[in-house]
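Chemist: This one is upload_38.txt, compact mmCIF, C-alpha atoms.
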```txt
# COMPACT_ATOMS: atom_id res chain seq x y z
CA MET A 1 0.00 0.00 0.00
CA ALA A 2 1.42 3.38 -1.00
CA LEU A 3 2.24 5.79 1.82
CA PHE A 4 1.51 8.79 -0.43
CA GLU A 5 -1.27 8.97 -2.97
CA ARG A 6 -2.54 11.93 -4.94
CA SER A 7 -5.45 13.80 -3.42
CA GLU A 8 -7.69 15.33 -6.08
CA GLU A 9 -10.85 16.18 -4.14
CA ILE A 10 -10.18 19.85 -3.33
CA PHE A 11 -7.56 21.41 -5.59
CA ASN A 12 -7.37 21.53 -9.33
CA ASN A 13 -4.07 23.48 -9.41
CA GLU A 14 -3.01 24.83 -6.03
CA ASN A 15 0.13 26.41 -7.54
CA VAL A 16 -2.13 29.24 -8.71
CA LEU A 17 -2.34 30.35 -5.06
CA HIS A 18 1.41 30.31 -4.42
CA ASP A 19 3.70 33.32 -4.22
CA ASP A 20 5.74 32.50 -7.33
CA TYR A 21 2.74 32.19 -9.65
CA GLN A 22 2.76 34.82 -12.38
CA PRO A 23 -0.80 35.56 -13.56
CA GLN A 24 -1.58 36.42 -17.17
CA SER A 25 -3.03 39.74 -16.05
CA LEU A 26 -2.92 41.81 -12.88
CA GLU A 27 -6.25 42.60 -11.28
CA GLU A 28 -7.17 45.87 -9.56
CA ARG A 29 -3.96 47.69 -10.50
CA ASP A 30 -4.95 49.35 -13.79
CA SER A 31 -3.85 52.90 -12.92
CA GLU A 32 -0.53 51.75 -11.40
CA ILE A 33 0.20 49.53 -14.43
CA GLU A 34 -0.59 52.40 -16.80
CA GLN A 35 1.72 54.77 -14.94
CA PHE A 36 4.47 52.17 -14.60
CA THR A 37 4.22 51.39 -18.32
CA GLY A 38 4.70 55.06 -19.09
CA TYR A 39 7.84 55.18 -16.96
CA LEU A 40 9.27 52.17 -18.85
CA GLN A 41 8.43 53.57 -22.31
CA PRO A 42 11.87 55.20 -22.86
CA VAL A 43 13.43 51.71 -22.75
CA ILE A 44 11.51 50.47 -25.81
CA ASN A 45 12.40 53.76 -27.53
CA GLY A 46 16.09 52.95 -27.06
CA ALA A 47 16.59 55.88 -24.67
CA GLN A 48 18.17 56.03 -21.24
CA PRO A 49 15.86 54.22 -18.78
CA ARG A 50 14.27 56.13 -15.92
CA ASN A 51 15.06 55.12 -12.36
CA ILE A 52 11.80 54.10 -10.70
CA PHE A 53 10.93 53.70 -7.02
CA LEU A 54 7.88 51.73 -5.85
CA TYR A 55 6.35 52.12 -2.38
CA GLY A 56 3.68 50.03 -0.71
CA LYS A 57 3.04 47.51 2.03
CA THR A 58 3.79 43.82 1.58
CA GLY A 59 1.41 42.01 -0.75
CA VAL A 60 -0.02 45.00 -2.64
CA GLY A 61 1.38 44.05 -6.05
CA LYS A 62 4.69 45.93 -6.35
CA THR A 63 6.85 42.93 -7.18
CA ALA A 64 4.14 41.23 -9.22
CA ALA A 65 3.61 44.36 -11.33
CA THR A 66 7.34 44.74 -11.85
CA LYS A 67 7.87 41.15 -13.00
CA TYR A 68 4.74 41.28 -15.16
CA LEU A 69 5.77 44.45 -17.01
CA LEU A 70 9.43 43.49 -17.39
CA GLN A 71 8.43 40.16 -18.91
CA HIS A 72 6.26 41.99 -21.45
CA LEU A 73 8.98 44.57 -22.04
CA GLU A 74 11.54 41.87 -22.89
CA GLU A 75 9.10 40.05 -25.17
CA ASP A 76 7.95 43.22 -26.96
CA SER A 77 11.51 44.43 -27.49
CA GLU A 78 12.30 41.40 -29.66
CA GLN A 79 10.57 43.07 -32.62
CA TYR A 80 13.20 45.85 -32.65
CA ASP A 81 16.72 45.13 -33.86
CA ASP A 82 18.23 48.14 -32.10
CA VAL A 83 16.90 47.32 -28.61
CA THR A 84 18.45 44.72 -26.29
CA ILE A 85 17.05 44.44 -22.77
CA THR A 86 18.45 42.49 -19.83
CA THR A 87 16.69 42.41 -16.47
CA VAL A 88 18.39 41.45 -13.20
CA TYR A 89 16.31 40.79 -10.08
CA LEU A 90 17.74 40.89 -6.55
CA ASN A 91 15.94 40.56 -3.25
CA CYS A 92 18.00 42.59 -0.77
CA GLU A 93 16.70 41.00 2.43
CA ASP A 94 20.10 39.38 3.08
CA LEU A 95 22.13 42.08 1.33
CA THR A 96 22.62 44.57 4.12
CA SER A 97 25.36 46.69 2.53
CA SER A 98 26.41 48.13 -0.81
CA TYR A 99 29.29 45.65 -0.84
CA ARG A 100 26.95 42.65 -0.61
CA VAL A 101 24.66 44.06 -3.31
CA ALA A 102 27.60 44.64 -5.65
CA VAL A 103 28.92 41.10 -5.06
CA ALA A 104 25.45 39.62 -5.66
CA LEU A 105 25.13 41.55 -8.93
CA VAL A 106 28.54 40.38 -10.12
CA ASN A 107 27.58 36.77 -9.38
CA LYS A 108 24.21 37.19 -11.12
CA LEU A 109 25.99 38.33 -14.27
CA ARG A 110 28.86 35.83 -14.18
CA ASP A 111 28.88 32.16 -15.10
CA PRO A 112 28.54 29.70 -12.16
CA GLU A 113 32.22 28.73 -12.32
CA GLU A 114 33.29 32.40 -12.08
CA GLN A 115 31.45 33.32 -8.87
CA ILE A 116 33.26 35.45 -6.31
CA SER A 117 33.04 35.10 -2.52
CA ARG A 118 31.09 37.53 -0.35
CA THR A 119 34.25 38.64 1.45
CA GLY A 120 37.88 39.30 0.63
CA TYR A 121 37.69 41.96 -2.09
CA PRO A 122 37.96 45.75 -1.76
CA LEU A 123 34.68 47.45 -2.70
CA ASN A 124 36.34 49.29 -5.61
CA ALA A 125 37.57 45.97 -7.01
CA VAL A 126 34.03 44.55 -6.87
CA TYR A 127 32.70 47.64 -8.64
CA GLU A 128 35.31 47.20 -11.39
CA MET A 129 34.15 43.60 -11.92
CA LEU A 130 30.56 44.86 -12.07
CA TRP A 131 31.32 47.60 -14.63
CA GLU A 132 33.15 45.04 -16.76
CA LYS A 133 30.17 42.64 -16.82
CA LEU A 134 27.64 45.41 -17.45
CA ASP A 135 29.64 46.74 -20.38
CA GLU A 136 30.10 43.24 -21.71
CA LEU A 137 26.33 42.74 -21.77
CA GLY A 138 25.60 46.00 -23.58
CA GLY A 139 22.16 47.38 -24.35
CA THR A 140 19.71 48.37 -21.65
CA ILE A 141 20.03 46.70 -18.26
CA LEU A 142 17.26 47.07 -15.70
CA ILE A 143 18.27 46.14 -12.16
CA VAL A 144 15.41 45.42 -9.74
CA LEU A 145 16.34 45.83 -6.07
CA ASP A 146 13.41 44.39 -4.12
CA GLU A 147 13.21 45.26 -0.40
CA VAL A 148 15.91 47.82 -1.10
CA ASP A 149 15.53 49.33 2.39
CA TYR A 150 17.45 46.35 3.82
CA ILE A 151 20.64 47.85 2.38
CA GLY A 152 20.54 50.33 5.24
CA ASP A 153 22.68 53.44 5.58
CA ASP A 154 25.41 52.18 3.26
CA ASP A 155 23.67 53.27 0.06
CA SER A 156 26.69 54.03 -2.17
CA VAL A 157 25.67 51.33 -4.69
CA LEU A 158 22.40 53.19 -5.23
CA TYR A 159 24.44 56.23 -6.23
CA GLN A 160 27.05 54.39 -8.29
CA LEU A 161 24.80 52.25 -10.50
CA PRO A 162 22.56 54.92 -12.08
CA ARG A 163 25.57 57.20 -12.69
CA ALA A 164 27.96 54.56 -13.99
CA ARG A 165 27.57 55.65 -17.64
CA SER A 166 27.76 59.40 -17.02
CA ASN A 167 30.81 58.86 -14.78
CA GLY A 168 32.63 56.94 -17.53
CA LYS A 169 32.53 53.55 -15.78
CA ILE A 170 30.63 51.90 -18.66
CA GLU A 171 30.23 52.79 -22.33
CA ASN A 172 28.16 50.09 -24.02
CA SER A 173 25.25 49.83 -21.58
CA ARG A 174 22.46 51.95 -20.16
CA VAL A 175 21.55 51.01 -16.58
CA GLY A 176 18.22 51.71 -14.89
CA ILE A 177 17.26 50.94 -11.29
CA ILE A 178 13.84 49.83 -10.05
CA GLY A 179 13.77 50.04 -6.25
CA ILE A 180 10.95 48.40 -4.29
CA SER A 181 10.32 49.16 -0.61
CA ASN A 182 7.71 48.55 2.10
CA ASP A 183 9.03 51.55 4.03
CA PHE A 184 7.23 54.74 3.02
CA LYS A 185 9.86 56.81 4.83
CA TYR A 186 12.84 55.12 3.21
CA ARG A 187 13.39 58.04 0.86
CA GLU A 188 13.93 60.36 3.83
CA LYS A 189 16.83 58.16 4.98
CA LEU A 190 18.73 58.31 1.68
CA ASP A 191 21.70 60.51 0.97
CA PRO A 192 20.31 63.54 -0.92
CA ARG A 193 22.45 62.67 -3.97
CA VAL A 194 21.04 59.13 -4.00
CA GLU A 195 17.50 60.42 -3.52
CA ASP A 196 17.76 62.72 -6.54
CA THR A 197 19.03 59.88 -8.72
CA LEU A 198 17.13 56.83 -7.48
CA CYS A 199 13.71 58.41 -7.01
CA GLU A 200 13.50 59.90 -10.50
CA ARG A 201 10.01 58.45 -10.91
CA GLU A 202 7.84 57.21 -8.03
CA LEU A 203 4.83 54.94 -7.77
CA HIS A 204 2.70 54.33 -4.67
CA PHE A 205 0.72 51.09 -4.37
CA PRO A 206 -2.13 51.51 -1.85
CA PRO A 207 -3.52 48.54 0.10
CA TYR A 208 -6.28 46.55 -1.59
CA ASP A 209 -9.79 46.91 -0.19
CA ALA A 210 -12.14 43.98 0.37
CA THR A 211 -13.75 44.31 -3.08
CA ASP A 212 -10.35 44.33 -4.80
CA LEU A 213 -9.24 41.26 -2.87
CA GLN A 214 -12.47 39.41 -3.58
CA ASN A 215 -12.03 39.97 -7.32
CA ILE A 216 -8.42 38.78 -7.18
CA LEU A 217 -9.29 35.69 -5.14
CA THR A 218 -12.27 34.79 -7.31
CA LYS A 219 -10.16 34.65 -10.48
CA ARG A 220 -7.44 32.61 -8.79
CA ALA A 221 -9.94 30.30 -7.08
CA ASN A 222 -11.57 29.45 -10.41
CA HIS A 223 -8.27 27.90 -11.52
CA ALA A 224 -7.08 26.58 -8.17
CA PHE A 225 -10.08 24.61 -6.91
CA LYS A 226 -12.34 21.89 -8.20
CA ASP A 227 -15.87 22.93 -9.11
CA ASP A 228 -18.32 23.33 -6.22
CA VAL A 229 -15.82 22.73 -3.38
CA LEU A 230 -15.88 26.32 -2.04
CA ASP A 231 -18.78 27.47 0.10
CA GLY A 232 -20.14 30.77 -1.13
CA ASP A 233 -18.82 32.75 1.85
CA VAL A 234 -15.23 31.45 1.76
CA VAL A 235 -13.75 33.91 -0.76
CA PRO A 236 -15.53 37.00 0.70
CA LEU A 237 -14.39 36.01 4.21
CA CYS A 238 -10.74 35.58 3.14
CA ALA A 239 -10.91 38.96 1.41
CA ALA A 240 -12.51 40.63 4.43
CA PHE A 241 -9.93 39.26 6.87
CA ALA A 242 -7.03 40.42 4.69
CA ALA A 243 -8.60 43.84 4.07
CA GLN A 244 -9.10 44.38 7.81
CA ASP A 245 -5.44 43.62 8.44
CA LYS A 246 -3.02 44.98 5.82
CA GLY A 247 -4.91 44.92 2.53
CA SER A 248 -2.47 42.32 1.24
CA ALA A 249 -3.29 40.01 -1.67
CA ARG A 250 -0.50 37.70 -0.51
CA GLN A 251 -2.15 37.36 2.89
CA ALA A 252 -5.56 36.70 1.31
CA LEU A 253 -4.13 34.04 -1.03
CA ASP A 254 -2.23 32.35 1.81
CA LEU A 255 -5.42 32.22 3.85
CA LEU A 256 -7.42 30.69 0.99
CA LEU A 257 -4.67 28.15 0.32
CA GLU A 258 -4.43 27.15 3.99
CA ALA A 259 -8.23 26.84 4.27
CA GLY A 260 -8.24 24.49 1.29
CA ASP A 261 -5.33 22.55 2.73
CA LEU A 262 -7.13 22.16 6.06
CA ALA A 263 -10.18 20.76 4.28
CA ARG A 264 -7.96 18.33 2.39
CA ARG A 265 -6.12 17.20 5.53
CA GLN A 266 -9.41 16.66 7.34
CA SER A 267 -10.90 14.82 4.31
CA ASP A 268 -13.76 17.33 4.16
CA PRO A 269 -15.43 17.52 0.74
CA VAL A 270 -16.12 21.28 0.92
CA VAL A 271 -14.09 24.28 2.11
CA THR A 272 -16.17 26.25 4.61
CA GLU A 273 -16.04 29.41 6.73
CA ASP A 274 -14.86 27.30 9.66
CA HIS A 275 -11.81 26.21 7.64
CA VAL A 276 -11.05 29.87 6.91
CA ARG A 277 -11.29 30.87 10.57
CA ASP A 278 -9.14 27.95 11.66
CA ALA A 279 -6.63 28.72 8.92
CA LYS A 280 -6.45 32.37 10.02
CA GLN A 281 -5.65 31.40 13.59
CA LEU A 282 -3.07 28.85 12.46
CA LEU A 283 -1.28 31.27 10.10
CA GLU A 284 -1.20 34.03 12.71
CA LYS A 285 0.35 31.69 15.25
CA GLN A 286 2.90 30.40 12.74
CA ARG A 287 3.89 33.93 11.76
CA ILE A 288 4.56 34.95 15.35
CA GLU A 289 6.44 31.74 16.11
CA GLU A 290 8.61 32.20 13.02
CA SER A 291 9.30 35.83 13.92
CA MET A 292 10.20 34.96 17.51
CA LYS A 293 12.55 32.07 16.77
CA GLU A 294 15.66 34.22 16.91
CA LEU A 295 14.58 36.35 19.88
CA THR A 296 16.22 35.97 23.29
CA SER A 297 14.26 35.31 26.46
CA HIS A 298 14.30 39.08 27.06
CA GLY A 299 12.64 39.59 23.70
CA HIS A 300 9.91 37.18 24.79
CA LEU A 301 9.54 38.99 28.10
CA THR A 302 9.27 42.30 26.24
CA LEU A 303 6.36 40.98 24.18
CA LEU A 304 4.73 39.57 27.30
CA ALA A 305 5.14 42.97 29.00
CA VAL A 306 3.26 44.64 26.14
CA VAL A 307 0.51 41.99 26.27
CA ALA A 308 0.19 42.28 30.06
CA SER A 309 0.10 46.09 29.88
CA THR A 310 -2.60 45.91 27.20
CA VAL A 311 -4.73 43.57 29.31
CA ALA A 312 -4.26 45.74 32.40
CA ASP A 313 -5.63 48.84 30.64
CA PRO A 314 -6.90 48.16 27.11
CA GLU A 315 -7.81 51.80 26.45
CA ALA A 316 -4.54 53.39 27.55
CA PRO A 317 -1.87 54.18 24.92
CA LEU A 318 1.28 52.27 25.83
CA GLN A 319 4.52 54.17 26.16
CA LYS A 320 7.98 52.76 26.79
CA GLN A 321 8.09 53.56 30.51
CA THR A 322 4.82 51.75 31.28
CA ILE A 323 5.94 48.67 29.36
CA TYR A 324 9.42 48.81 30.91
CA GLU A 325 8.02 48.75 34.45
CA GLN A 326 5.94 45.70 33.55
CA TYR A 327 9.01 44.08 31.97
CA GLN A 328 11.09 44.68 35.13
CA ASP A 329 8.44 42.91 37.22
CA LEU A 330 8.42 39.96 34.80
CA ALA A 331 12.21 39.74 34.77
CA LYS A 332 12.25 39.69 38.57
CA ALA A 333 9.55 36.99 38.63
CA THR A 334 11.66 34.78 36.37
CA ASP A 335 14.95 35.41 38.23
CA ARG A 336 16.49 37.35 35.35
CA ASP A 337 18.46 40.56 35.53
CA ALA A 338 16.42 43.24 33.80
CA LEU A 339 18.06 44.97 30.84
CA GLY A 340 18.78 48.68 30.86
CA GLY A 341 16.50 51.16 29.13
CA ARG A 342 18.44 51.33 25.87
CA ALA A 343 18.70 47.54 25.45
CA PHE A 344 14.99 47.21 26.29
CA HIS A 345 14.16 49.87 23.67
CA ASN A 346 16.07 47.80 21.11
CA HIS A 347 13.84 44.81 21.85
CA LEU A 348 10.74 46.96 21.34
CA ALA A 349 12.18 48.18 18.03
CA GLU A 350 12.93 44.60 16.93
CA LEU A 351 9.39 43.44 17.72
CA SER A 352 8.08 46.40 15.71
CA MET A 353 10.33 45.50 12.78
CA LEU A 354 9.04 41.91 12.88
CA GLY A 355 5.46 43.17 12.65
CA ILE A 356 4.49 41.85 16.08
CA LEU A 357 4.17 45.33 17.57
CA ASP A 358 2.91 48.51 15.95
CA ARG A 359 4.93 51.58 16.84
CA ALA A 360 3.50 55.07 16.31
CA LYS A 361 5.63 58.19 16.64
CA ARG A 362 4.07 61.08 18.56
CA ASN A 363 5.29 64.68 18.55
CA GLU A 364 3.87 66.91 21.27
CA GLY A 365 6.12 69.84 20.45
CA ARG A 366 8.24 71.58 23.05
CA ALA A 367 5.89 70.75 25.88
CA GLY A 368 5.63 67.00 25.40
CA GLY A 369 8.55 66.15 23.14
CA ILE A 370 8.78 63.17 20.77
CA TYR A 371 7.94 59.66 21.96
CA TYR A 372 6.55 56.32 20.71
CA GLU A 373 3.32 54.52 21.52
CA TYR A 374 3.08 50.75 21.13
CA GLU A 375 0.34 48.16 20.66
CA VAL A 376 0.23 44.49 19.82
CA ASP A 377 -0.16 44.19 16.03
CA VAL A 378 -1.23 40.53 16.08
CA PRO A 379 -4.24 38.91 17.77
CA LEU A 380 -3.70 38.60 21.53
CA GLU A 381 -4.79 34.96 21.34
CA ALA A 382 -1.99 34.18 18.88
CA ALA A 383 0.58 36.08 20.98
CA LEU A 384 -0.44 34.30 24.19
CA SER A 385 -0.46 30.88 22.51
CA THR A 386 3.03 31.48 21.19
CA LEU A 387 4.33 32.55 24.59
CA GLU A 388 2.75 29.47 26.15
CA ASN A 389 4.46 27.27 23.58
CA LEU A 390 7.76 28.84 24.61
CA HIS A 391 7.09 27.31 28.05
CA MET A 392 6.85 30.72 29.69
CA SER A 393 3.79 29.43 31.53
CA ASP A 394 6.20 27.24 33.52
CA GLU A 395 7.61 30.41 35.10
CA LEU A 396 4.69 32.84 34.90
CA ASP A 397 0.95 32.65 35.53
CA LEU A 398 -0.19 33.03 31.93
CA ASP A 399 -3.49 31.30 32.72
CA SER A 400 -4.53 34.23 34.92
CA LEU A 401 -3.48 36.69 32.22
CA ARG A 402 -5.54 34.78 29.67
CA GLN A 403 -8.56 34.68 31.98
CA ASN A 404 -8.27 38.42 32.64
CA ALA A 405 -8.10 39.09 28.89
CA GLN A 406 -11.19 36.95 28.33
CA GLU A 407 -13.15 38.77 31.05
CA LYS A 408 -12.36 42.08 29.34
CA GLY A 409 -13.46 40.77 25.96
CA LEU A 410 -9.95 40.91 24.46
CA LEU A 411 -9.91 37.24 23.41
```
Show this structure as structure tokens.
Modeler:
Amino acid sequence: MALFERSEEIFNNENVLHDDYQPQSLEERDSEIEQFTGYLQPVINGAQPRNIFLYGKTGVGKTAATKYLLQHLEEDSEQYDDVTITTVYLNCEDLTSSYRVAVALVNKLRDPEEQISRTGYPLNAVYEMLWEKLDELGGTILIVLDEVDYIGDDDSVLYQLPRARSNGKIENSRVGIIGISNDFKYREKLDPRVEDTLCERELHFPPYDATDLQNILTKRANHAFKDDVLDGDVVPLCAAFAAQDKGSARQALDLLLEAGDLARRQSDPVVTEDHVRDAKQLLEKQRIEESMKELTSHGHLTLLAVVASTVADPEAPLQKQTIYEQYQDLAKATDRDALGGRAFHNHLAELSMLGILDRAKRNEGRAGGIYYEYEVDVPLEAALSTLENLHMSDELDLDSLRQNAQEKGLL
């Protein structure tokens, strides 16, 4: 008897719901596609490409639109003998410096047997290798730097690349940069020279609303699922949940995929609202657990301090000092030496970066100064379940905290 056999009751082609699926058309982004197309028009005309910067939260179509249009641009350019287009895509999540970006670009352009290591070369030497490969390619080269904000303060590569031709580094190629960022304030952090060059053209991708997401999901679901396996409320509920959170198509698709997978695992013939709600809870818990894997015990205590402060006074805006006092009590209760204020602030900042906390900057002028307010940016139930799975309940009375949260209607 086979251990694994194909299951064909729920899905027709579940790959349609995955992140790497490239649809034939992009839904609910007509105005952004039209504007983006206009910015890319000089390329097909054989002119110097514009540098383009895309802003928007995760899952709102920035990367999908970029890949979609660049694929069409490459295909459409084949009808012109005087236009040669090369596109290079880099995700900068692990490329936290200009040096690492430059090395990654060199290795993208070189043959596998000619790869260089990520250390050991002066930056100028890496740039020389890069100019050599770019000139060797010739034509128009569009370099996509996704999640470009991960490069951080060392943004020299963002200055060097767009100006390589005008500075005499390359002669046979025209280089254009497409930067993609989730950070709407990233531009403010750039060197003014880089800002002038990189942000030549800008596009903002707003979050999808529930109607947008429902249209996107409906078209994908028609290809992904067997006929008549989705209850009528499943797609609208997935869309509503995602719209209430971040307006992310990626989140909505993940939720629909997980709901279908739950139905398959449970051998249910139809995907229902209950599968969607269970899938939502499961994905939220997984996201927090994944985010917290690398945190220290003090990072866990920091999150617990925010949760406990929220339960203590749900209506009060949480500032660092209130949370810090709660954290000190928790550290004492677990026989740990409490961190100092600066180290504690770093843990708050890390939890905000991971999307577990929401941090809002307040400016009260001369009288009140500038400070941050914090709140848990994930469901309290998911946060508490994660902390319990970290065995913190062995040291702290999380049951009482949960009961208190339930009595106040927070769970």
Chemist: Tell me, in Å to one decimal, how far CA of Val148 in chain A is from CA of Ser181 in chain A.
Modeler: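 These atoms are spaced 5.8 Å apart.
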Chemist: Near Val103 in chain A, counting all atoms listed in the file, which residues have an atom at most 8 Å away, once you skip same-chain residues fewer than 6 positions from it, shown as a list of chain:residue names?
Modeler: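 Everything that qualifies: A:Ile116, A:Ser117, A:Arg118, A:Val126.
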Chemist: Taking the point (21.0, 55.0, -9.4) as given in the file, collect each protein or nucleic acid residue that comes within 8 Å of it, counting only C-alpha atoms, and present the set as a PyMOL selection string.
Modeler: chain A and resi 51+157-163+176-177+194+197-198
Chemist: Please produce an output containing C-alpha atoms for each residue in the selection, written as a PDB file, in the frame of the given file.
Modeler:
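Writing done, so here's selection-v3.pdb:
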```pdb
ATOM      1  CA  ASN A  51      15.060  55.120 -12.360  1.00  0.00           C
ATOM      2  CA  VAL A 157      25.670  51.330  -4.690  1.00  0.00           C
ATOM      3  CA  LEU A 158      22.400  53.190  -5.230  1.00  0.00           C
ATOM      4  CA  TYR A 159      24.440  56.230  -6.230  1.00  0.00           C
ATOM      5  CA  GLN A 160      27.050  54.390  -8.290  1.00  0.00           C
ATOM      6  CA  LEU A 161      24.800  52.250 -10.500  1.00  0.00           C
ATOM      7  CA  PRO A 162      22.560  54.920 -12.080  1.00  0.00           C
ATOM      8  CA  ARG A 163      25.570  57.200 -12.690  1.00  0.00           C
ATOM      9  CA  GLY A 176      18.220  51.710 -14.890  1.00  0.00           C
ATOM     10  CA  ILE A 177      17.260  50.940 -11.290  1.00  0.00           C
ATOM     11  CA  VAL A 194      21.040  59.130  -4.000  1.00  0.00           C
ATOM     12  CA  THR A 197      19.030  59.880  -8.720  1.00  0.00           C
ATOM     13  CA  LEU A 198      17.130  56.830  -7.480  1.00  0.00           C
TER      14      LEU A 198
END
```
Chemist: Could you tell me, as a PyMOL selection string, which residues have any atom at most 9 Å from (18.0, 52.7, -20.6), counting all atoms listed in the file?
Modeler: chain A and resi 40+42-50+85+139-142+173-176
Chemist: Mind pulling up the distance from CA of Ser385 in chain A to CA of Arg250 in chain A?
Modeler: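 Taking CA of Arg250 in chain A as the start and CA of Ser385 in chain A as the end point, the length is 24.0 Å.
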Chemist: Calculate how many Å separate CA of Gln406 in chain A from CA of Ile356 in chain A, rounding to one decimal.
Modeler: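 So the two atoms, CA of Gln406 in chain A and CA of Ile356 in chain A, lie 20.5 Å apart.
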Chemist: Using N, CA, C and O atoms, give me range 291-304 of chain A from the structure I just pasted, as a compact mmCIF listing (two decimals), in the first residue's frame.
Modeler:
```txt
# COMPACT_ATOMS: atom_id res chain seq x y z
N SER A 291 8.65 34.55 13.61
CA SER A 291 9.30 35.83 13.92
C SER A 291 10.09 35.77 15.22
O SER A 291 11.12 36.44 15.37
N MET A 292 9.61 34.96 16.18
CA MET A 292 10.20 34.96 17.51
C MET A 292 11.30 33.92 17.70
O MET A 292 11.91 33.83 18.76
N LYS A 293 11.55 33.13 16.65
CA LYS A 293 12.55 32.07 16.77
C LYS A 293 13.91 32.58 17.21
O LYS A 293 14.59 31.97 18.03
N GLU A 294 14.32 33.71 16.65
CA GLU A 294 15.66 34.22 16.91
C GLU A 294 15.72 35.17 18.10
O GLU A 294 16.80 35.67 18.43
N LEU A 295 14.58 35.43 18.74
CA LEU A 295 14.58 36.35 19.88
C LEU A 295 15.14 35.67 21.13
O LEU A 295 15.00 34.47 21.32
N THR A 296 15.75 36.47 21.99
CA THR A 296 16.22 35.97 23.29
C THR A 296 15.05 35.90 24.26
O THR A 296 13.93 36.35 23.97
N SER A 297 15.32 35.37 25.44
CA SER A 297 14.26 35.31 26.46
C SER A 297 13.80 36.71 26.84
O SER A 297 12.63 36.93 27.18
N HIS A 298 14.70 37.70 26.76
CA HIS A 298 14.30 39.08 27.06
C HIS A 298 13.39 39.64 25.98
O HIS A 298 12.51 40.48 26.27
N GLY A 299 13.56 39.21 24.74
CA GLY A 299 12.64 39.59 23.70
C GLY A 299 11.25 39.03 23.96
O GLY A 299 10.23 39.71 23.76
N HIS A 300 11.20 37.78 24.44
CA HIS A 300 9.91 37.18 24.79
C HIS A 300 9.27 37.91 25.97
O HIS A 300 8.06 38.15 25.96
N LEU A 301 10.07 38.25 26.95
CA LEU A 301 9.54 38.99 28.10
C LEU A 301 9.04 40.37 27.70
O LEU A 301 8.06 40.88 28.25
N THR A 302 9.70 40.99 26.73
CA THR A 302 9.27 42.30 26.24
C THR A 302 7.88 42.20 25.62
O THR A 302 7.01 43.03 25.87
N LEU A 303 7.69 41.18 24.77
CA LEU A 303 6.36 40.98 24.18
C LEU A 303 5.32 40.72 25.26
O LEU A 303 4.22 41.29 25.23
N LEU A 304 5.67 39.88 26.23
CA LEU A 304 4.73 39.57 27.30
C LEU A 304 4.39 40.84 28.10
O LEU A 304 3.25 41.03 28.53
```
